[in-house]
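Coordinates as given in coords04.txt (compact mmCIF, C-alpha atoms):
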```
# COMPACT_ATOMS: atom_id res chain seq x y z
CA MET A 1036 137.86 206.46 28.14
CA ALA A 1037 138.02 210.25 28.21
CA HIS A 1038 134.80 212.11 27.47
CA ASP A 1039 134.70 213.93 24.13
CA ARG A 1040 133.68 217.06 26.03
CA PRO A 1041 136.01 217.08 29.06
CA PHE A 1042 135.16 219.43 31.88
CA ARG A 1043 136.93 222.76 32.18
CA PHE A 1044 136.39 225.28 34.96
CA ALA A 1045 136.96 229.02 35.14
CA VAL A 1046 136.76 231.71 37.81
CA HIS A 1047 134.97 234.99 37.12
CA SER A 1048 136.69 237.75 39.08
CA SER A 1049 137.27 241.48 38.93
CA ASP A 1050 139.17 242.81 41.93
CA ALA A 1051 141.67 242.28 44.74
CA PRO A 1052 142.84 244.40 47.67
CA ASP A 1053 146.06 245.36 45.87
CA GLY A 1054 148.65 244.16 43.37
CA PRO A 1055 150.09 241.39 45.55
CA GLY A 1056 146.54 240.29 46.31
CA TRP A 1057 145.77 239.96 42.61
CA VAL A 1058 148.95 237.97 42.06
CA ALA A 1059 148.09 235.67 44.95
CA LYS A 1060 144.57 235.16 43.63
CA ALA A 1061 145.77 234.25 40.14
CA ARG A 1062 148.33 231.81 41.49
CA ARG A 1063 145.80 230.16 43.81
CA ILE A 1064 143.29 229.75 41.00
CA GLU A 1065 145.99 228.02 38.94
CA GLU A 1066 147.06 225.81 41.85
CA LEU A 1067 143.47 224.67 42.41
CA GLY A 1068 143.25 223.35 38.86
CA PHE A 1069 141.01 225.93 37.23
CA SER A 1070 141.55 226.37 33.51
CA THR A 1071 140.91 230.09 33.19
CA LEU A 1072 140.71 233.37 35.06
CA MET A 1073 138.04 235.61 33.55
CA LEU A 1074 137.63 239.34 34.18
CA ARG A 1075 134.52 241.48 33.75
CA ASP A 1076 134.28 244.60 31.61
CA HIS A 1077 132.35 247.33 33.41
CA PHE A 1078 133.03 250.78 34.80
CA ASP A 1079 132.14 249.99 38.41
CA ARG A 1080 134.44 248.65 41.13
CA GLN A 1081 136.78 246.40 39.20
CA TYR A 1082 140.24 246.39 37.68
CA GLY A 1083 140.71 247.21 34.02
CA PRO A 1084 140.46 243.80 32.35
CA ILE A 1085 143.29 244.07 29.84
CA ALA A 1086 145.93 245.08 32.41
CA ALA A 1087 144.64 242.57 34.96
CA MET A 1088 144.64 239.74 32.42
CA ALA A 1089 148.22 240.54 31.44
CA ALA A 1090 149.32 240.68 35.08
CA ALA A 1091 147.67 237.34 35.89
CA ALA A 1092 149.29 235.70 32.87
CA ALA A 1093 152.69 237.06 33.83
CA VAL A 1094 152.71 235.41 37.26
CA THR A 1095 151.30 232.02 36.21
CA SER A 1096 152.46 229.34 33.79
CA ARG A 1097 149.36 227.32 32.86
CA LEU A 1098 146.40 229.53 33.71
CA ARG A 1099 144.49 230.88 30.74
CA VAL A 1100 143.16 234.44 30.89
CA GLY A 1101 140.13 236.07 29.36
CA CYS A 1102 137.24 238.45 29.80
CA LEU A 1103 133.61 237.47 30.17
CA VAL A 1104 133.04 239.51 28.14
CA PHE A 1105 134.54 242.59 26.49
CA ASP A 1106 131.81 245.09 25.64
CA ASN A 1107 132.23 245.84 21.95
CA ASP A 1108 131.11 249.45 22.32
CA TYR A 1109 133.93 250.40 24.68
CA ARG A 1110 136.79 249.80 22.23
CA HIS A 1111 137.28 249.72 18.48
CA PRO A 1112 137.66 246.01 17.57
CA LEU A 1113 140.93 246.62 15.70
CA VAL A 1114 142.43 248.25 18.80
CA LEU A 1115 141.13 245.49 21.07
CA ALA A 1116 142.47 242.78 18.76
CA LYS A 1117 145.97 244.26 18.97
CA GLU A 1118 145.90 244.29 22.77
CA LEU A 1119 144.59 240.73 22.92
CA ALA A 1120 147.07 239.37 20.39
CA THR A 1121 149.85 240.93 22.47
CA ILE A 1122 148.60 239.13 25.59
CA ASP A 1123 148.46 235.86 23.67
CA VAL A 1124 152.06 236.29 22.51
CA LEU A 1125 153.41 237.36 25.90
CA SER A 1126 151.55 234.56 27.71
CA GLY A 1127 152.71 231.86 25.31
CA GLY A 1128 149.23 231.25 23.92
CA ARG A 1129 147.00 231.37 27.01
CA LEU A 1130 144.35 233.85 25.86
CA GLU A 1131 140.60 233.30 25.51
CA VAL A 1132 138.66 236.02 23.73
CA GLY A 1133 135.22 236.76 25.17
CA LEU A 1134 133.23 239.32 23.18
CA GLY A 1135 129.74 240.74 23.65
CA ALA A 1136 127.37 243.38 22.32
CA GLY A 1137 127.07 245.28 25.63
CA TRP A 1138 124.11 245.49 27.94
CA MET A 1139 124.68 247.46 31.16
CA ALA A 1140 123.04 250.84 30.66
CA PRO A 1141 124.65 252.62 33.66
CA ASP A 1142 128.09 252.08 32.09
CA TYR A 1143 126.96 253.85 28.94
CA GLU A 1144 125.35 256.66 30.92
CA GLN A 1145 128.44 257.28 33.03
CA ALA A 1146 130.74 257.29 29.99
CA GLY A 1147 128.45 259.29 27.72
CA ILE A 1148 128.41 256.47 25.19
CA PRO A 1149 125.18 256.24 23.16
CA PHE A 1150 123.14 253.24 24.28
CA ASP A 1151 121.65 252.14 20.99
CA ASP A 1152 118.76 249.73 20.75
CA PRO A 1153 119.62 246.03 20.92
CA GLY A 1154 119.35 245.43 17.20
CA VAL A 1155 121.96 248.10 16.45
CA ARG A 1156 124.30 246.94 19.19
CA VAL A 1157 124.12 243.33 18.01
CA SER A 1158 124.64 244.27 14.35
CA ARG A 1159 127.68 246.34 15.30
CA PHE A 1160 128.97 243.46 17.41
CA GLU A 1161 128.58 240.98 14.56
CA GLU A 1162 130.73 243.22 12.37
CA ALA A 1163 133.28 243.60 15.17
CA VAL A 1164 133.73 239.83 15.42
CA ARG A 1165 134.64 239.76 11.74
CA VAL A 1166 137.16 242.57 12.28
CA VAL A 1167 138.80 240.79 15.23
CA LYS A 1168 139.04 237.56 13.25
CA GLY A 1169 140.56 239.49 10.35
CA CYS A 1170 143.19 240.96 12.64
CA PHE A 1171 144.10 237.53 13.99
CA ALA A 1172 144.38 235.97 10.51
CA ASP A 1173 147.50 235.95 8.35
CA GLY A 1174 148.11 238.83 5.99
CA PRO A 1175 146.34 242.14 5.41
CA PHE A 1176 142.57 242.35 5.16
CA ASP A 1177 139.84 244.78 4.21
CA PHE A 1178 136.41 245.12 5.76
CA GLU A 1179 133.55 247.36 4.73
CA GLY A 1180 130.48 247.36 6.96
CA VAL A 1181 127.79 249.67 8.21
CA HIS A 1182 129.67 250.34 11.45
CA TYR A 1183 133.35 249.60 10.72
CA THR A 1184 135.73 250.08 7.82
CA VAL A 1185 139.20 248.53 7.71
CA ARG A 1186 141.57 249.01 4.79
CA ALA A 1187 144.63 246.89 4.02
CA HIS A 1188 145.41 246.29 7.68
CA ASP A 1189 148.00 243.63 8.49
CA ALA A 1190 147.72 243.38 12.24
CA TYR A 1191 150.78 242.95 14.43
CA PRO A 1192 151.43 240.95 16.47
CA LYS A 1193 149.65 237.82 15.36
CA PRO A 1194 148.49 235.58 18.20
CA VAL A 1195 150.44 232.42 19.04
CA GLN A 1196 147.33 230.25 18.96
CA ARG A 1197 146.37 229.36 15.41
CA PRO A 1198 144.20 229.90 13.56
CA ARG A 1199 143.28 232.20 16.45
CA PRO A 1200 142.70 232.17 20.22
CA PRO A 1201 139.38 230.56 21.21
CA LEU A 1202 136.46 232.96 20.76
CA LEU A 1203 133.69 232.97 23.38
CA VAL A 1204 130.34 234.59 22.65
CA GLY A 1205 127.45 234.35 25.11
CA GLY A 1206 123.79 235.06 24.68
CA GLY A 1207 120.28 234.44 25.90
CA GLY A 1208 118.21 235.02 22.79
CA HIS A 1209 117.85 233.28 19.47
CA ARG A 1210 119.81 235.79 17.38
CA LEU A 1211 122.94 235.98 19.54
CA LEU A 1212 123.05 232.28 20.33
CA SER A 1213 122.68 231.41 16.66
CA PHE A 1214 125.44 233.83 15.73
CA ALA A 1215 127.66 232.41 18.48
CA ALA A 1216 127.00 228.88 17.25
CA ARG A 1217 128.13 229.83 13.75
CA GLU A 1218 131.13 231.98 14.66
CA ALA A 1219 132.47 231.17 18.14
CA ASP A 1220 134.48 228.31 19.59
CA ILE A 1221 132.74 228.61 22.97
CA VAL A 1222 129.07 229.52 23.35
CA GLY A 1223 127.99 230.95 26.69
CA LEU A 1224 124.48 230.00 27.77
CA ASN A 1225 122.85 232.95 29.59
CA PRO A 1226 119.36 233.84 30.80
CA ARG A 1227 117.94 236.78 28.88
CA ARG A 1228 117.95 239.89 31.06
CA ARG A 1229 114.74 241.65 32.02
CA SER A 1230 116.58 244.89 32.49
CA ASN A 1231 119.80 246.66 31.53
CA ALA A 1232 119.83 248.55 34.82
CA GLN A 1233 121.42 246.26 37.39
CA TRP A 1234 123.18 242.96 38.02
CA ASP A 1235 120.52 241.25 40.10
CA ASP A 1236 117.44 241.90 37.96
CA GLN A 1237 117.28 238.33 36.74
CA ASN A 1238 114.78 236.80 34.34
CA LEU A 1239 113.86 233.70 36.34
CA PRO A 1240 111.61 232.06 33.72
CA ASP A 1241 114.55 232.11 31.32
CA ALA A 1242 116.85 230.34 33.80
CA THR A 1243 114.95 227.05 33.87
CA ALA A 1244 115.97 223.67 32.51
CA GLU A 1245 113.27 223.97 29.86
CA ALA A 1246 114.71 227.28 28.67
CA ALA A 1247 118.15 225.65 28.42
CA ASP A 1248 116.65 222.84 26.32
CA ARG A 1249 115.30 225.40 23.90
CA LYS A 1250 118.54 227.39 23.71
CA VAL A 1251 120.78 224.39 23.17
CA GLY A 1252 118.41 223.41 20.36
CA TRP A 1253 119.04 226.79 18.72
CA ILE A 1254 122.79 226.30 19.10
CA ARG A 1255 122.68 222.81 17.57
CA GLU A 1256 120.61 224.00 14.63
CA ALA A 1257 122.76 227.03 13.87
CA ALA A 1258 126.10 225.26 14.35
CA GLY A 1259 125.20 222.41 12.03
CA ALA A 1260 128.14 220.17 11.19
CA ARG A 1261 130.52 222.15 13.40
CA TYR A 1262 128.47 221.52 16.56
CA PRO A 1263 130.78 218.75 17.92
CA GLU A 1264 133.64 221.27 17.93
CA VAL A 1265 131.68 223.94 19.86
CA GLN A 1266 132.11 224.09 23.62
CA ILE A 1267 129.08 225.17 25.64
CA SER A 1268 129.72 227.23 28.74
CA VAL A 1269 127.65 228.45 31.65
CA ILE A 1270 128.22 230.81 34.57
CA VAL A 1271 126.87 229.24 37.77
CA PRO A 1272 126.32 232.07 40.27
CA PHE A 1273 124.71 229.88 42.95
CA VAL A 1274 126.96 227.18 44.40
CA VAL A 1275 126.00 225.76 47.80
CA VAL A 1276 127.72 222.74 49.31
CA THR A 1277 125.24 221.22 51.77
CA ASP A 1278 124.18 217.85 53.14
CA ASP A 1279 120.53 218.84 52.74
CA ARG A 1280 119.98 220.25 49.29
CA ASP A 1281 116.24 219.57 49.47
CA SER A 1282 115.84 222.04 52.34
CA PHE A 1283 117.99 224.55 50.46
CA ALA A 1284 115.84 224.18 47.35
CA LYS A 1285 112.61 224.55 49.34
CA THR A 1286 113.90 227.75 50.93
CA VAL A 1287 114.90 229.19 47.56
CA ALA A 1288 111.61 228.16 45.95
CA ALA A 1289 109.64 229.79 48.75
CA SER A 1290 111.62 233.01 48.41
CA LEU A 1291 110.87 233.12 44.67
CA GLU A 1292 107.17 232.39 44.96
CA GLY A 1293 105.17 234.76 42.78
CA SER A 1294 108.21 236.27 41.06
CA ALA A 1295 108.31 234.09 37.95
CA GLY A 1296 104.83 234.42 36.50
CA ASP A 1297 103.39 231.12 35.36
CA VAL A 1298 106.70 229.27 35.51
CA ASP A 1299 106.86 226.51 38.11
CA LEU A 1300 109.82 227.29 40.37
CA SER A 1301 109.35 224.26 42.57
CA PRO A 1302 112.27 222.91 44.64
CA ASP A 1303 112.94 220.29 41.96
CA ASN A 1304 113.02 222.95 39.25
CA VAL A 1305 115.35 225.12 41.31
CA LEU A 1306 117.82 222.24 41.52
CA ALA A 1307 117.41 221.49 37.80
CA SER A 1308 118.39 225.01 36.69
CA PRO A 1309 121.79 225.06 34.96
CA TYR A 1310 122.62 228.18 37.00
CA VAL A 1311 122.28 226.46 40.40
CA LEU A 1312 124.51 223.83 41.98
CA ALA A 1313 123.60 222.55 45.42
CA GLY A 1314 124.25 219.45 47.48
CA THR A 1315 127.23 217.46 48.62
CA VAL A 1316 130.32 217.50 46.44
CA GLU A 1317 129.25 214.09 45.12
CA GLU A 1318 125.75 215.34 44.29
CA ILE A 1319 127.08 218.44 42.55
CA CYS A 1320 129.50 216.36 40.47
CA ALA A 1321 126.62 214.09 39.49
CA SER A 1322 124.52 217.13 38.53
CA LEU A 1323 127.30 218.45 36.30
CA ALA A 1324 127.64 215.06 34.61
CA GLU A 1325 123.89 214.94 33.99
CA ARG A 1326 123.92 218.47 32.53
CA ARG A 1327 126.76 217.57 30.22
CA GLU A 1328 124.70 214.66 28.91
CA ARG A 1329 121.56 216.77 28.52
CA TRP A 1330 123.03 220.06 27.26
CA ASP A 1331 126.68 219.32 26.42
CA LEU A 1332 127.71 221.82 29.11
CA SER A 1333 131.38 221.21 29.76
CA TYR A 1334 132.87 224.63 30.55
CA VAL A 1335 131.67 225.83 33.94
CA VAL A 1336 132.41 229.31 35.30
CA PHE A 1337 132.21 230.09 39.02
CA ASN A 1338 132.26 233.51 40.63
CA ASP A 1339 135.26 234.06 42.87
CA ASP A 1340 133.15 234.10 46.03
CA ALA A 1341 132.54 230.38 45.37
CA LEU A 1342 136.23 229.52 44.99
CA ASP A 1343 136.47 227.41 48.14
CA ALA A 1344 133.17 225.63 47.47
CA ALA A 1345 134.13 224.88 43.88
CA ALA A 1346 137.70 223.68 44.56
CA PRO A 1347 136.83 220.04 45.42
CA ILE A 1348 134.49 219.88 42.42
CA VAL A 1349 137.29 221.04 40.14
CA GLU A 1350 139.69 218.58 41.70
CA ARG A 1351 137.36 215.69 40.89
CA LEU A 1352 136.10 216.65 37.46
CA ALA A 1353 138.64 218.83 35.63
CA GLY A 1354 139.78 217.07 32.47
CA THR A 1355 137.38 214.16 32.81
```
Can you present the structure in this file as structure tokens?
Amino acid sequence: MAHDRPFRFAVHSSDAPDGPGWVAKARRIEELGFSTLMLRDHFDRQYGPIAAMAAAAAVTSRLRVGCLVFDNDYRHPLVLAKELATIDVLSGGRLEVGLGAGWMAPDYEQAGIPFDDPGVRVSRFEEAVRVVKGCFADGPFDFEGVHYTVRAHDAYPKPVQRPRPPLLVGGGGHRLLSFAAREADIVGLNPRRRSNAQWDDQNLPDATAEAADRKVGWIREAAGARYPEVQISVIVPFVVVTDDRDSFAKTVAASLEGSAGDVDLSPDNVLASPYVLAGTVEEICASLAERRERWDLSYVVFNDDALDAAAPIVERLAGT
């Protein structure tokens, strides 16, 4: 019998050597059985996500496209909704909408965009989600908020997927995860960041299995009766196929010694983190099944540098 939360897999990517390279990448990701190609939304070395999503959709037939995630502060939500609805129409309903409040300070500095405190950014983002949903819905709508005002706008085009394309919202803290649980179709489980300055400044204590227990509890509580309909997603940046995962875990644990405060980052705890997959293909598949039972994690996102490592995992588990 099929599981009520079947596995889906996505690839998180941002670049290619050239246009033909991007086309080849999108087609290979589809051929390998991945559900979705996700872009990033930053001002560093990456393609513009909207154009790249549209190009990937145009050269594939089943692959879904999305962004993980659009920074709300870079585009007015009404403008973004129009672009996304157009992609959904032109792709025949293969769009996923990933939205976020924004976090990477260097982007804001380079663009001269004010980097407001987290509370303001999240409040603005919460309003933006309502605007995007209003644009996707039938008929004209009005919205009056602190940050956005929309008057009698009947957005065109309307997306093919009804009532709207799936909405993905990720978070690491209680407020964002609770909002995502109430409003999104897919909730992304993230470690809270220690810093807004760089990619690799990770908050290791917030990447443990115990932290995931706590966060999924928040999601369950906030989602209430709609929880069975909510997909839970995770980006797994560390994927290592090895016949000796114990040695791998010991090496990682030793390298992290003293960097996580009072949190026990033992080899066992390294392997238990939802953001680490290590072992043989069989062991990794078993780990994913265990995490689905513990946390309902069914939508797994790999970075594109793990494409070859992830391919046999996707082949075995996608749709099961």
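Between CA of Tyr1183 (chain A) and CA of Glu1162 (chain A) lies a distance of 7.1 Å.
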Residues near Gly1207 (chain A), cut-off 6 Å, only C-alpha atoms, skip fewer than 2 positions along chain, as a list of chain:residue names: A:Asn1225, A:Pro1226, A:Arg1227
Report the distance between CA of His1111 (chain A) and CA of Val1166 (chain A) in Å, rounded to one decimal place.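 Spanning CA of His1111 (chain A) to CA of Val1166 (chain A) is a straight-line distance of 9.5 Å.
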A:Ala1172, A:Leu1342, A:Ala1091, A:Val1251: which is nearest Pro1272 (chain A), counting all atoms listed in the file?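 Among the listed residues, the smallest separation from Pro1272 (chain A) belongs to A:Leu1342.
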Which residue is closest to Gln1266 (chain A)? Choose from A:Gly1314, A:Pro1347, A:Pro1201, A:Pro1141 and count only C-alpha atoms. A:Pro1201
Given the choices A:His1188, A:Arg1097, A:Lys1193, A:Arg1075, which gets closest to Leu1134 (chain A) if the distance is worked out from all atoms listed in the file?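 Closest to Leu1134 (chain A) of all the choices is A:Arg1075.
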Of the candidates A:Val1311, A:Ala1090, A:Leu1211, A:Met1073, which shows the shortest atom-to-atom distance to Val1104 (chain A), using all atoms listed in the file? A:Met1073
Just want the 12 Å neighbourhood of Glu1065 (chain A), counted on all atoms listed in the file, with same-chain residues fewer than 4 positions away dropped. Output as a ChimeraX atom specification. /A:1044-1046,1058-1061,1069-1072,1091-1092,1094-1100,1342,1346,1349-1350
Which residues are near region 1118-1130 of chain A? Cut-off 7 Å, all atoms listed in the file, ignore same chain within fewer than 2 positions. Put them as a PyMOL selection string. chain A and resi 1089+1092-1093+1098-1101+1114-1116+1132+1192-1196+1200
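The space separating CA of Asp1108 (chain A) from CA of Arg1156 (chain A) comes to 7.9 Å.
Using only C-alpha atoms, the shortest contact distance between Asp1053 (chain A) and any of A:Val1274, A:Ala1087, A:Asp1079, A:Ala1313 is found at A:Ala1087.
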Which residue is closest to Glu1256 (chain A)? Choose from A:Arg1159, A:Phe1214, A:Leu1203, A:Leu1306 and count only C-alpha atoms. A:Phe1214
Find the smallest box with edges along x, y and z containing every listed atom of region 1137-1140 of chain A, then add 4 Å on each side and report centre and edge lengths in Å to one decimal, as lines of an AutoDock Vina configuration file.
```
center_x = 125.1
center_y = 248.1
center_z = 28.4
size_x = 12.0
size_y = 13.6
size_z = 13.5
```
Scan for residues within 12 Å of the point (125.3, 219.5, 31.7) in the coordinates of the file, using all atoms listed in the file, and reply as a PyMOL selection string. chain A and resi 1040-1042+1224+1244+1247-1248+1251+1266-1269+1271+1307-1312+1319-1335
If you count only C-alpha atoms, which residues fall within 12 Å of Ser1158 (chain A), apart from same-chain ones fewer than 2 positions away, as a PDB file with C-alpha atoms, keeping the file's coordinate frame?
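Contents of the output file out.pdb:
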```pdb
ATOM      1  CA  ASN A1107     132.230 245.840  21.950  1.00  0.00           C
ATOM      2  CA  ASP A1108     131.110 249.450  22.320  1.00  0.00           C
ATOM      3  CA  GLY A1135     129.740 240.740  23.650  1.00  0.00           C
ATOM      4  CA  ALA A1136     127.370 243.380  22.320  1.00  0.00           C
ATOM      5  CA  GLY A1137     127.070 245.280  25.630  1.00  0.00           C
ATOM      6  CA  ASP A1151     121.650 252.140  20.990  1.00  0.00           C
ATOM      7  CA  ASP A1152     118.760 249.730  20.750  1.00  0.00           C
ATOM      8  CA  PRO A1153     119.620 246.030  20.920  1.00  0.00           C
ATOM      9  CA  GLY A1154     119.350 245.430  17.200  1.00  0.00           C
ATOM     10  CA  VAL A1155     121.960 248.100  16.450  1.00  0.00           C
ATOM     11  CA  ARG A1156     124.300 246.940  19.190  1.00  0.00           C
ATOM     12  CA  PHE A1160     128.970 243.460  17.410  1.00  0.00           C
ATOM     13  CA  GLU A1161     128.580 240.980  14.560  1.00  0.00           C
ATOM     14  CA  GLU A1162     130.730 243.220  12.370  1.00  0.00           C
ATOM     15  CA  ALA A1163     133.280 243.600  15.170  1.00  0.00           C
ATOM     16  CA  VAL A1164     133.730 239.830  15.420  1.00  0.00           C
ATOM     17  CA  ARG A1165     134.640 239.760  11.740  1.00  0.00           C
ATOM     18  CA  GLY A1180     130.480 247.360   6.960  1.00  0.00           C
ATOM     19  CA  VAL A1181     127.790 249.670   8.210  1.00  0.00           C
ATOM     20  CA  HIS A1182     129.670 250.340  11.450  1.00  0.00           C
ATOM     21  CA  TYR A1183     133.350 249.600  10.720  1.00  0.00           C
ATOM     22  CA  ARG A1210     119.810 235.790  17.380  1.00  0.00           C
ATOM     23  CA  LEU A1211     122.940 235.980  19.540  1.00  0.00           C
ATOM     24  CA  PHE A1214     125.440 233.830  15.730  1.00  0.00           C
TER      25      PHE A1214
END
```
Which residues are close to Val1287 (chain A), i.e. within 12 Å by all atoms listed in the file, leaving aside same-chain residues fewer than 2 positions away? Reply as a count of residues only. 22
